file protein.cif (mmCIF, C-alpha atoms)
data_structure
#
loop_
_atom_site.label_atom_id
_atom_site.label_comp_id
_atom_site.auth_asym_id
_atom_site.auth_seq_id
_atom_site.Cartn_x
_atom_site.Cartn_y
_atom_site.Cartn_z
CA MET A 1 2.46 27.37 23.02
CA THR A 2 1.11 26.11 19.73
CA CYS A 3 -1.59 23.69 20.94
CA ARG A 4 -4.89 25.40 20.33
CA GLN A 5 -8.42 24.70 21.51
CA MET A 6 -11.21 23.94 19.09
CA ASP A 7 -12.72 27.28 18.03
CA ARG A 8 -15.92 28.18 16.20
CA MET A 9 -14.30 27.96 12.75
CA ASP A 10 -13.04 24.43 13.50
CA LYS A 11 -16.52 23.36 14.58
CA ILE A 12 -18.14 24.78 11.44
CA VAL A 13 -15.60 23.10 9.16
CA LEU A 14 -15.97 19.76 10.97
CA ALA A 15 -19.77 19.97 10.78
CA LEU A 16 -19.57 20.65 7.05
CA ALA A 17 -17.17 17.72 6.65
CA GLU A 18 -19.64 15.42 8.42
CA VAL A 19 -22.47 16.57 6.13
CA VAL A 20 -20.32 15.96 3.03
CA THR A 21 -19.30 12.51 4.27
CA LEU A 22 -22.84 11.48 5.19
CA THR A 23 -24.06 12.61 1.76
CA TRP A 24 -21.30 10.57 0.13
CA VAL A 25 -22.13 7.44 2.15
CA VAL A 26 -25.88 7.78 1.55
CA TRP A 27 -25.18 8.27 -2.18
CA VAL A 28 -22.94 5.22 -2.39
CA VAL A 29 -24.66 2.63 -0.18
CA PRO A 30 -27.87 2.03 -2.22
CA GLY A 31 -25.77 1.63 -5.35
CA ALA A 32 -23.45 -0.78 -3.57
CA ILE A 33 -26.34 -2.90 -2.29
CA GLY A 34 -28.08 -2.83 -5.65
CA GLU A 35 -25.05 -3.35 -7.85
CA SER A 36 -22.23 -5.20 -6.18
CA ILE A 37 -23.93 -8.11 -4.38
CA PRO A 38 -25.89 -9.55 -7.34
CA ARG A 39 -22.71 -9.40 -9.40
CA THR A 40 -20.61 -11.16 -6.80
CA GLY A 41 -19.12 -14.14 -8.55
CA ASN A 42 -16.23 -16.53 -8.41
CA SER A 43 -13.07 -16.25 -10.46
CA ARG A 44 -14.72 -17.92 -13.46
CA GLY A 45 -17.38 -15.23 -13.61
CA GLU A 46 -20.17 -17.50 -12.34
CA SER A 47 -22.72 -15.83 -10.11
CA ILE A 48 -22.61 -17.19 -6.58
CA LEU A 49 -24.27 -16.32 -3.31
CA PRO A 50 -22.59 -13.41 -1.51
CA TRP A 51 -21.66 -15.34 1.63
CA TYR A 52 -19.51 -17.64 -0.51
CA ASN A 53 -17.30 -14.62 -1.15
CA MET A 54 -16.98 -13.59 2.48
CA PRO A 55 -13.70 -11.62 2.17
CA GLY A 56 -15.03 -9.70 -0.81
CA VAL A 57 -18.26 -8.78 0.98
CA ILE A 58 -16.49 -7.77 4.20
CA GLY A 59 -13.93 -5.71 2.27
CA GLY A 60 -16.61 -4.05 0.16
CA TYR A 61 -18.75 -2.92 3.08
CA VAL A 62 -15.82 -1.86 5.27
CA SER A 63 -14.57 0.25 2.33
CA ILE A 64 -17.96 1.83 1.68
CA PHE A 65 -18.61 2.82 5.28
CA LEU A 66 -15.07 3.65 6.40
CA VAL A 67 -13.20 5.30 3.52
CA PRO A 68 -15.48 8.36 3.07
CA TRP A 69 -15.05 9.26 6.78
CA LEU A 70 -11.32 8.66 6.76
CA LEU A 71 -10.74 10.59 3.55
CA VAL A 72 -12.83 13.69 4.24
CA LEU A 73 -11.70 14.01 7.86
CA SER A 74 -8.02 13.53 6.94
CA LEU A 75 -8.18 16.36 4.41
CA VAL A 76 -10.06 18.59 6.88
CA ILE A 77 -7.71 17.91 9.81
CA PHE A 78 -4.71 18.58 7.56
CA GLY A 79 -6.20 21.93 6.56
CA LEU A 80 -7.10 22.87 10.14
CA ARG A 81 -3.62 21.97 11.40
CA LEU A 82 -2.15 24.46 8.94
CA ARG A 83 -4.21 27.29 10.48
CA ALA A 84 -2.36 29.65 12.80
CA PRO A 85 -1.18 29.32 15.50
CA ARG A 86 0.86 26.32 14.48
CA PRO A 87 4.36 25.03 15.34
CA ARG A 88 7.36 25.52 13.07
CA TRP A 89 7.41 23.28 9.99
CA ARG A 90 10.21 21.01 11.28
CA ARG A 91 8.35 20.44 14.54
CA LEU A 92 5.07 19.95 12.73
CA CYS A 93 6.69 17.22 10.60
CA ARG A 94 7.49 15.24 13.74
CA GLN A 95 3.86 15.15 14.88
CA PRO A 96 2.35 11.81 13.83
CA GLY A 97 -1.16 13.22 13.39
CA PHE A 98 -0.01 15.91 10.99
CA VAL A 99 2.28 13.49 9.14
CA ALA A 100 -0.60 11.02 8.67
CA CYS A 101 -3.04 13.61 7.32
CA GLY A 102 -0.31 15.21 5.19
CA MET A 103 0.58 11.86 3.63
CA ILE A 104 -3.08 11.15 2.86
CA SER A 105 -3.58 14.57 1.26
CA ALA A 106 -0.40 14.36 -0.83
CA GLY A 107 -1.09 10.71 -1.70
CA LEU A 108 -4.60 11.48 -2.86
CA GLY A 109 -3.25 14.23 -5.13
CA LEU A 110 -0.71 11.82 -6.60
CA PHE A 111 -3.31 9.06 -7.07
CA LEU A 112 -5.65 11.46 -8.88
CA LEU A 113 -2.78 12.51 -11.15
CA ILE A 114 -1.99 8.89 -12.04
CA TRP A 115 -5.69 8.21 -12.57
CA LEU A 116 -5.83 11.09 -15.07
CA LEU A 117 -2.71 9.74 -16.82
CA HIS A 118 -4.34 6.34 -17.00
CA GLN A 119 -7.53 7.78 -18.41
CA GLY A 120 -5.47 9.38 -21.16
CA LEU A 121 -3.47 6.22 -21.86
CA ALA A 122 -6.54 3.96 -21.96
CA ARG A 123 -7.96 6.06 -24.80
CA THR A 124 -4.89 5.72 -27.03
CA PRO A 125 -4.42 2.84 -29.51
CA TRP A 126 -1.63 1.55 -27.24
CA GLY A 127 -4.00 1.44 -24.31
CA GLN A 128 -6.54 -0.63 -26.25
CA LEU A 129 -3.86 -3.10 -27.34
CA SER A 130 -2.62 -3.52 -23.80
CA PRO A 131 -3.74 -6.70 -22.01
CA TYR A 132 -4.57 -4.45 -19.10
CA TYR A 133 -7.20 -2.57 -21.06
CA VAL A 134 -9.68 -5.39 -20.49
CA LEU A 135 -8.58 -5.74 -16.90
CA PHE A 136 -9.26 -2.07 -16.36
CA TRP A 137 -12.88 -2.52 -17.33
CA GLN A 138 -13.12 -5.66 -15.22
CA PHE A 139 -12.01 -3.61 -12.25
CA ARG A 140 -14.68 -1.05 -12.96
CA ALA A 141 -17.57 -3.36 -13.73
CA PRO A 142 -18.39 -4.76 -10.26
CA PHE A 143 -18.76 -1.28 -8.88
CA GLY A 144 -21.40 -0.19 -11.33
CA PRO A 145 -22.10 3.33 -12.47
CA VAL A 146 -21.86 4.89 -9.03
CA TYR A 147 -18.91 7.29 -9.22
CA GLY A 148 -18.70 7.68 -5.46
CA GLN A 149 -17.53 4.09 -5.28
CA GLU A 150 -14.80 4.64 -7.85
CA LEU A 151 -13.34 7.35 -5.66
CA ILE A 152 -13.32 4.88 -2.77
CA VAL A 153 -11.44 2.32 -4.87
CA LEU A 154 -8.99 5.03 -5.88
CA THR A 155 -7.90 5.47 -2.26
CA PHE A 156 -6.89 1.82 -1.78
CA GLY A 157 -3.27 1.81 -0.67
CA LEU A 158 -3.17 5.28 0.87
CA GLY A 159 -2.64 3.67 4.28
CA LEU A 160 0.75 2.44 3.07
CA ALA A 161 1.90 6.04 2.77
CA VAL A 162 1.04 6.59 6.44
CA LEU A 163 2.71 3.30 7.39
CA GLY A 164 5.95 4.23 5.59
CA ALA A 165 6.20 7.68 7.18
CA TRP A 166 5.19 6.49 10.67
CA ALA A 167 7.70 3.60 10.58
CA LEU A 168 10.59 6.01 10.00
CA LEU A 169 9.17 8.54 12.48
CA PHE A 170 8.98 5.87 15.20
CA LEU A 171 12.14 3.86 14.49
CA GLY A 172 14.25 7.01 14.19
CA GLY A 173 12.98 8.31 17.55
CA PHE A 174 11.42 11.42 15.98
CA TRP A 175 7.86 10.67 17.17
CA ARG A 176 6.67 13.84 18.97
CA ALA A 177 2.97 13.39 19.65
CA GLU A 178 1.22 16.59 20.75
CA ARG A 179 -1.48 16.64 23.45
CA SER A 180 -3.99 18.45 21.27
CA TRP A 181 -7.26 17.39 19.69
CA LEU A 182 -5.84 17.99 16.21
CA ASP A 183 -2.89 15.64 16.63
CA ARG A 184 -5.00 13.03 18.41
CA ALA A 185 -7.56 13.11 15.59
CA GLY A 186 -4.76 12.80 13.05
CA ARG A 187 -3.30 9.80 14.89
CA ILE A 188 -6.70 8.06 15.02
CA LEU A 189 -7.21 8.69 11.30
CA GLY A 190 -3.68 7.46 10.50
CA ALA A 191 -4.25 4.29 12.51
CA GLY A 192 -7.59 3.86 10.72
CA TRP A 193 -5.92 4.10 7.29
CA ILE A 194 -3.24 1.58 8.25
CA MET A 195 -5.81 -0.84 9.72
CA PHE A 196 -7.93 -0.49 6.58
CA ASP A 197 -5.08 -1.34 4.24
CA VAL A 198 -3.80 -4.17 6.42
CA LEU A 199 -7.34 -5.59 6.53
CA ARG A 200 -7.63 -5.21 2.76
CA SER A 201 -4.35 -7.07 2.32
CA LEU A 202 -5.49 -9.82 4.72
CA LEU A 203 -8.81 -10.22 2.88
CA PHE A 204 -6.91 -10.36 -0.39
CA TYR A 205 -4.98 -13.42 0.82
CA TRP A 206 -8.02 -14.89 2.57
CA GLY A 207 -10.05 -14.70 -0.63
CA LEU A 208 -7.76 -17.32 -2.17
CA SER A 209 -7.00 -19.47 0.86
CA MET B 1 28.52 0.93 6.69
CA GLY B 2 32.22 1.34 7.41
CA ARG B 3 33.32 -2.24 8.01
CA LYS B 4 35.02 -5.00 6.04
CA PHE B 5 33.03 -7.49 4.03
CA GLN B 6 32.90 -10.71 6.07
CA LEU B 7 32.13 -14.36 5.41
CA THR B 8 28.68 -13.98 6.97
CA ASP B 9 27.93 -11.12 4.56
CA ILE B 10 28.81 -13.34 1.61
CA MET B 11 26.51 -16.03 3.02
CA ILE B 12 23.65 -13.52 3.27
CA VAL B 13 24.16 -12.42 -0.35
CA VAL B 14 24.32 -16.02 -1.62
CA ALA B 15 21.20 -17.00 0.37
CA ALA B 16 19.28 -13.99 -0.99
CA ALA B 17 20.32 -14.81 -4.57
CA ALA B 18 19.31 -18.46 -4.10
CA MET B 19 15.88 -17.53 -2.77
CA ALA B 20 15.34 -15.04 -5.59
CA LEU B 21 16.27 -17.60 -8.24
CA SER B 22 14.07 -20.33 -6.76
CA TRP B 23 11.12 -17.93 -6.50
CA TYR B 24 11.69 -16.81 -10.08
CA ARG B 25 11.71 -20.45 -11.23
CA LEU B 26 8.41 -21.16 -9.48
CA GLY B 27 6.85 -18.05 -11.00
CA SER B 28 8.06 -18.91 -14.49
CA GLU B 29 6.61 -22.41 -14.58
CA PRO B 30 3.77 -22.83 -17.08
CA HIS B 31 0.32 -23.28 -15.60
CA PRO B 32 -2.58 -25.38 -16.83
CA MET B 33 -4.76 -22.28 -16.49
CA ARG B 34 -3.97 -18.66 -17.20
CA TRP B 35 -3.44 -16.58 -14.11
CA THR B 36 -6.62 -14.62 -14.54
CA SER B 37 -6.76 -13.17 -11.05
CA ALA B 38 -3.11 -12.25 -10.71
CA SER B 39 -2.35 -9.22 -12.84
CA ILE B 40 1.24 -8.95 -11.67
CA ASN B 41 2.55 -12.35 -12.67
CA LEU B 42 5.42 -13.73 -14.62
CA GLN B 43 3.25 -14.87 -17.50
CA SER B 44 1.92 -11.60 -18.87
CA VAL B 45 3.74 -9.18 -21.11
CA PHE B 46 4.19 -6.45 -18.52
CA GLY B 47 4.05 -8.80 -15.57
CA ARG B 48 7.18 -10.66 -16.71
CA TRP B 49 9.28 -7.52 -16.54
CA LEU B 50 7.67 -6.23 -13.36
CA GLY B 51 7.83 -9.63 -11.67
CA SER B 52 11.57 -9.96 -12.33
CA ALA B 53 12.17 -6.41 -11.15
CA ILE B 54 10.17 -7.01 -7.95
CA LEU B 55 12.13 -10.17 -7.16
CA THR B 56 15.49 -8.50 -7.74
CA LEU B 57 14.52 -5.47 -5.66
CA LEU B 58 12.99 -7.56 -2.90
CA PHE B 59 15.95 -9.81 -2.22
CA SER B 60 18.52 -7.03 -2.78
CA SER B 61 16.69 -4.86 -0.24
CA LEU B 62 16.45 -7.67 2.29
CA ALA B 63 20.13 -8.57 1.92
CA LEU B 64 21.29 -4.94 2.13
CA ALA B 65 19.15 -4.24 5.22
CA LEU B 66 20.59 -7.35 6.90
CA LEU B 67 24.18 -6.34 6.04
CA TRP B 68 23.50 -2.85 7.42
CA ILE B 69 21.92 -4.03 10.67
CA ARG B 70 24.92 -6.28 11.33
CA SER B 71 27.21 -3.22 11.50
CA PRO B 72 28.58 -2.64 15.03
CA GLY B 73 27.52 0.45 17.00
CA LEU B 74 24.51 1.29 14.87
CA ARG B 75 22.23 4.12 15.98
CA TRP B 76 18.73 4.00 14.59
CA SER B 77 18.25 7.77 14.70
CA LYS B 78 21.23 8.18 12.34
CA LEU B 79 20.58 5.12 10.21
CA VAL B 80 16.97 6.03 9.46
CA THR B 81 18.00 9.42 8.06
CA GLN B 82 20.02 7.66 5.35
CA PRO B 83 17.61 7.33 2.41
CA GLY B 84 19.26 4.12 1.18
CA PHE B 85 18.85 2.38 4.50
CA SER B 86 15.32 3.69 5.03
CA ALA B 87 14.26 2.29 1.64
CA CYS B 88 15.66 -1.17 2.45
CA LEU B 89 14.22 -1.06 5.97
CA LEU B 90 10.71 -0.23 4.75
CA ALA B 91 10.87 -2.99 2.11
CA SER B 92 11.96 -5.49 4.79
CA LEU B 93 9.20 -4.41 7.18
CA TRP B 94 6.61 -4.81 4.44
CA VAL B 95 7.84 -8.35 3.76
CA LEU B 96 7.42 -9.21 7.45
CA VAL B 97 3.91 -7.72 7.49
CA GLN B 98 2.97 -9.74 4.40
CA ILE B 99 4.27 -13.00 5.88
CA VAL B 100 2.19 -12.42 9.04
CA LEU B 101 -0.92 -11.53 7.02
CA PHE B 102 -0.50 -14.55 4.75
CA CYS B 103 -0.22 -16.89 7.76
CA LEU B 104 -3.34 -15.28 9.30
CA ALA B 105 -5.24 -15.66 6.03
CA GLU B 106 -4.25 -19.33 5.78
CA GLY B 107 -5.69 -19.81 9.27
CA LEU B 108 -8.89 -17.96 8.33
CA GLY B 109 -9.13 -20.14 5.23
CA GLU B 110 -9.67 -23.16 7.48
CA LEU B 111 -12.90 -21.62 8.83
CA PRO B 112 -16.10 -23.03 7.32
CA VAL B 113 -17.37 -19.69 5.99
CA MET B 114 -16.10 -19.71 2.44
CA GLY B 115 -18.63 -22.13 0.96
CA THR B 116 -17.69 -24.45 -1.87
CA THR B 117 -16.31 -22.04 -4.43
CA VAL B 118 -14.02 -23.92 -6.82
CA LEU B 119 -10.68 -22.17 -6.86
CA PRO B 120 -8.49 -21.94 -9.96
CA VAL B 121 -5.73 -24.56 -10.20
CA HIS B 122 -2.98 -22.03 -9.66
CA VAL B 123 -4.11 -21.21 -6.11
CA THR B 124 -4.80 -24.71 -4.81
CA TYR B 125 -1.37 -24.96 -3.11
CA TRP B 126 -0.22 -22.54 -0.45
CA ALA B 127 3.08 -21.91 -2.23
CA ARG B 128 1.27 -20.89 -5.40
CA ARG B 129 -1.02 -18.57 -3.45
CA TRP B 130 1.94 -16.93 -1.78
CA PHE B 131 4.19 -16.68 -4.82
CA SER B 132 1.54 -15.29 -7.14
CA GLN B 133 -0.53 -13.06 -4.86
CA SER B 134 2.25 -11.53 -2.77
CA PHE B 135 3.53 -9.89 -5.97
CA HIS B 136 0.54 -7.57 -5.81
CA GLU B 137 1.49 -6.48 -2.33
CA PHE B 138 5.23 -6.24 -2.96
CA ALA B 139 4.57 -4.05 -6.00
CA SER B 140 3.19 -1.49 -3.53
CA THR B 141 6.47 -1.24 -1.61
CA GLY B 142 7.35 1.79 -3.73
CA LEU B 143 4.53 3.73 -2.10
CA LEU B 144 6.01 3.07 1.36
CA VAL B 145 9.46 4.14 0.15
CA LEU B 146 8.08 7.26 -1.54
CA ALA B 147 6.15 8.25 1.59
CA GLY B 148 9.16 7.58 3.82
CA TRP B 149 11.43 9.66 1.61
CA CYS B 150 8.89 12.49 1.41
CA PHE B 151 8.72 12.49 5.21
CA LEU B 152 12.54 12.59 5.52
CA ALA B 153 12.77 15.46 3.04
CA ALA B 154 9.91 17.47 4.56
CA ALA B 155 11.21 17.05 8.10
CA GLY B 156 14.75 18.06 7.09
CA LEU B 157 16.06 14.59 7.93
CA TRP B 158 17.28 13.60 4.43
CA ARG B 159 20.99 12.90 5.01
CA PRO B 160 22.51 10.75 2.27
CA ARG B 161 26.02 9.34 2.92
CA PRO B 162 28.74 8.93 0.27
CA THR B 163 29.00 5.15 0.84
CA TRP B 164 28.36 2.29 -1.59
CA ALA B 165 25.64 0.90 0.68
CA ASP B 166 23.65 4.11 0.83
CA ARG B 167 24.01 4.68 -2.91
CA LEU B 168 22.88 1.14 -3.67
CA GLY B 169 19.97 1.56 -1.23
CA ARG B 170 18.91 4.75 -3.01
CA VAL B 171 19.03 2.98 -6.38
CA LEU B 172 16.84 0.19 -4.94
CA GLY B 173 14.44 2.80 -3.52
CA VAL B 174 14.11 4.49 -6.91
CA GLY B 175 13.54 1.05 -8.46
CA TRP B 176 10.72 0.31 -5.99
CA ILE B 177 9.07 3.65 -6.73
CA LEU B 178 9.29 3.04 -10.49
CA VAL B 179 7.75 -0.43 -10.12
CA TRP B 180 4.88 0.95 -8.02
CA PHE B 181 4.34 3.81 -10.47
CA LEU B 182 4.22 1.45 -13.47
CA LYS B 183 1.85 -0.90 -11.68
CA ALA B 184 -0.34 2.02 -10.62
CA LEU B 185 -0.40 3.36 -14.17
CA LEU B 186 -1.40 -0.01 -15.59
CA LEU B 187 -3.98 -0.98 -13.01
CA VAL B 188 -5.80 2.18 -11.94
CA PRO B 189 -8.09 2.13 -10.04
CA GLY B 190 -6.90 -0.02 -7.16
CA PHE B 191 -3.32 1.02 -6.93
CA ALA B 192 -1.98 -1.11 -4.17
#

call {"tool": "encode", "arguments": {"input": "protein.cif", "output": "structure tokens"}}
result
Amino acid sequence: MTCRQMDRMDKIVLALAEVVTLTWVVWVVPGAIGESIPRTGNSRGESILPWYNMPGVIGGYVSIFLVPWLLVLSLVIFGLRLRAPRPRWRRLCRQPGFVACGMISAGLGLFLLIWLLHQGLARTPWGQLSPYYVLFWQFRAPFGPVYGQELIVLTFGLGLAVLGAWALLFLGGFWRAERSWLDRAGRILGAGWIMFDVLRSLLFYWGLS
Amino acid sequence: MGRKFQLTDIMIVVAAAAMALSWYRLGSEPHPMRWTSASINLQSVFGRWLGSAILTLLFSSLALALLWIRSPGLRWSKLVTQPGFSACLLASLWVLVQIVLFCLAEGLGELPVMGTTVLPVHVTYWARRWFSQSFHEFASTGLLVLAGWCFLAAAGLWRPRPTWADRLGRVLGVGWILVWFLKALLLVPGFA
């Protein structure tokens, strides 16, 4: 039997994760309110009232309040699932909760690597000649100097990794959900990531409709 | 896919090529304004290459997935373990998701909550909105394929077949991943 109950170590780690996440949210929100709304503008750079850019405002606030929780808890649940006792690797890879948190952890590592590559490229003469150099700064500007927000933007698209893995898991008939709090939490987080990215995609289209 | 190539298969390939060419033509038309909001477009230096690659990959994946699904006696549990098929399947699913989301967004656009923001000329028609903005989303298909392949490999389910269809599917999958990687490298942060 590899389903385990929540022990003291799990509770301590989860409590720490909640403190970290709350600190992150509290750090980001004042900056977001102070920086992003006054700069909200239309595509010609003209300042307009925030409710004229409804999809942008909804997307911004959903991101700020949701992503820190999803990200920290996904990493924590992935780590806790790897603690003994745990099922064999092959069996573990058929549990949707573990797959979701694993994809988020691996995806975040990959995204950070690409971000570092980009930082290097943007500082070369080639990077400054690229038409995307300007675009890069345009992407950064609305979010202001609050680095916590940049990390949130960096995670956009991680839900697609969960969607890709879950689609194959489900369509191939390999979906083996476990009746444990760890797998349930992983499934909720995975669904949250997918919903977030689908909503982001919807708002993206809505912003131009 | 161990069956003969049939007339219906040829029709699928021709239809996919026709759609790709018509989409490419729409994307290549000059605009009165620069596409300032669409970074992946057919007008920019990098966007031209990426846009063509996305179109080719998109319609090849759709056509190959359709040809595969038409095979008699298919078993999903075996098909999904073929990396070529899984890549085409994920690309096709993502197209369906995007079509649904675009239709929803068009419906939301009718609500009186958007104010009177003047939109750029290139997004005043629904076709323009779809053809330019969906490129952003289709460029992210590589992330789905990469995640799907990582899952297959980690779970010990990676079972490539020595058939032309699976090989072609794998090539398309690698193409999708390269497109996503290039887009991610050029547009960080905000990968997808």

call {"tool": "residues_around", "arguments": {"input": "protein.cif", "residues": "Thr81 in chain B", "least_positions_apart": "4", "cutoff": "6 Å", "atoms": "all atoms listed in the file", "output": "short mmCIF file (atom, residue, chain, number, x, y, z; two decimals) with C-alpha atoms, keeping the file's coordinate frame"}}
result
data_model
loop_
_atom_site.label_atom_id
_atom_site.label_comp_id
_atom_site.auth_asym_id
_atom_site.auth_seq_id
_atom_site.Cartn_x
_atom_site.Cartn_y
_atom_site.Cartn_z
CA LEU B 157 16.06 14.59 7.93
CA TRP B 158 17.28 13.60 4.43
CA ARG B 159 20.99 12.90 5.01
#

call {"tool": "residues_near_point", "arguments": {"input": "protein.cif", "point": "(5.2, 16.0, 15.2)", "cutoff": "12 Å", "atoms": "only C-alpha atoms", "output": "MDAnalysis selection string"}}
result
(chainID A and resid 2:3 81 86:102 165:166 169:170 173:180 182:184 186:187) or (chainID B and resid 151 154:155)

call {"tool": "atom_distance", "arguments": {"input": "protein.cif", "atom1": "CA of Ala127 in chain B", "atom2": "CA of Phe102 in chain B"}}
result
10.8 Å

call {"tool": "resolve_selection", "arguments": {"input": "protein.cif", "expression": "the PyMOL selection byres ((chain B and resi 77) around 8)", "output": "list in words"}}
result
Leu171, Gly172, Gly173 and Phe174 of chain A; Arg75, Trp76, Lys78, Leu79, Val80 and Thr81 of chain B

call {"tool": "closest_residue", "arguments": {"input": "protein.cif", "among": "A:Trp24, A:Phe196, A:Trp206, A:Phe65", "to": "chain B", "atoms": "only C-alpha atoms"}}
result
A:Trp206

call {"tool": "residues_near_point", "arguments": {"input": "protein.cif", "point": "(-4.5, 9.0, -1.8)", "cutoff": "6 Å", "atoms": "all atoms listed in the file", "output": "ChimeraX atom specification"}}
result
/A:104,107-108,111,155,158

call {"tool": "closest_residue", "arguments": {"input": "protein.cif", "among": "A:Leu160, A:Ile188, A:Leu154, A:Ser201", "to": "Leu93 in chain B", "atoms": "only C-alpha atoms"}}
result
A:Leu160

call {"tool": "resolve_selection", "arguments": {"input": "protein.cif", "expression": "the PyMOL selection byres ((chain A and resi 18) around 12)", "output": "short mmCIF file (atom, residue, chain, number, x, y, z; two decimals) with C-alpha atoms, keeping the file's coordinate frame"}}
result
data_model
loop_
_atom_site.label_atom_id
_atom_site.label_comp_id
_atom_site.auth_asym_id
_atom_site.auth_seq_id
_atom_site.Cartn_x
_atom_site.Cartn_y
_atom_site.Cartn_z
CA LYS A 11 -16.52 23.36 14.58
CA ILE A 12 -18.14 24.78 11.44
CA VAL A 13 -15.60 23.10 9.16
CA LEU A 14 -15.97 19.76 10.97
CA ALA A 15 -19.77 19.97 10.78
CA LEU A 16 -19.57 20.65 7.05
CA ALA A 17 -17.17 17.72 6.65
CA VAL A 19 -22.47 16.57 6.13
CA VAL A 20 -20.32 15.96 3.03
CA THR A 21 -19.30 12.51 4.27
CA LEU A 22 -22.84 11.48 5.19
CA THR A 23 -24.06 12.61 1.76
CA TRP A 24 -21.30 10.57 0.13
CA VAL A 25 -22.13 7.44 2.15
CA PRO A 68 -15.48 8.36 3.07
CA TRP A 69 -15.05 9.26 6.78
CA LEU A 70 -11.32 8.66 6.76
CA LEU A 71 -10.74 10.59 3.55
CA VAL A 72 -12.83 13.69 4.24
CA LEU A 73 -11.70 14.01 7.86
CA SER A 74 -8.02 13.53 6.94
CA VAL A 76 -10.06 18.59 6.88
#

call {"tool": "atom_distance", "arguments": {"input": "protein.cif", "atom1": "CA of Arg8 in chain A", "atom2": "CA of Pro85 in chain A"}}
result
14.8 Å

call {"tool": "atom_distance", "arguments": {"input": "protein.cif", "atom1": "CA of Ser134 in chain B", "atom2": "CA of Glu110 in chain B"}}
result
19.6 Å

call {"tool": "closest_residue", "arguments": {"input": "protein.cif", "among": "A:Gly164, A:Gly207, A:Gly59, A:Gly192", "to": "chain B", "atoms": "only C-alpha atoms"}}
result
A:Gly164

call {"tool": "resolve_selection", "arguments": {"input": "protein.cif", "expression": "the PyMOL selection byres ((chain B and resi 105) around 8)", "output": "list in words"}}
result
Leu202, Leu203, Tyr205, Trp206 and Ser209 of chain A; Leu101, Phe102, Cys103, Leu104, Glu106, Gly107, Leu108 and Gly109 of chain B

call {"tool": "closest_residue", "arguments": {"input": "protein.cif", "among": "B:Ala91, B:Pro83, B:Arg170, B:Ala20", "to": "Trp149 in chain B", "atoms": "all atoms listed in the file"}}
result
B:Pro83

call {"tool": "residues_around", "arguments": {"input": "protein.cif", "residues": "Asp197 in chain A", "least_positions_apart": "5", "cutoff": "12 Å", "atoms": "all atoms listed in the file", "output": "JSON, numbers by chain"}}
result
{"A": [59, 62, 63, 66, 67, 153, 155, 156, 157, 158, 159, 160, 161, 162, 163, 190, 191, 192, 202, 203, 204], "B": [97, 98, 101, 137, 140, 190, 191, 192]}
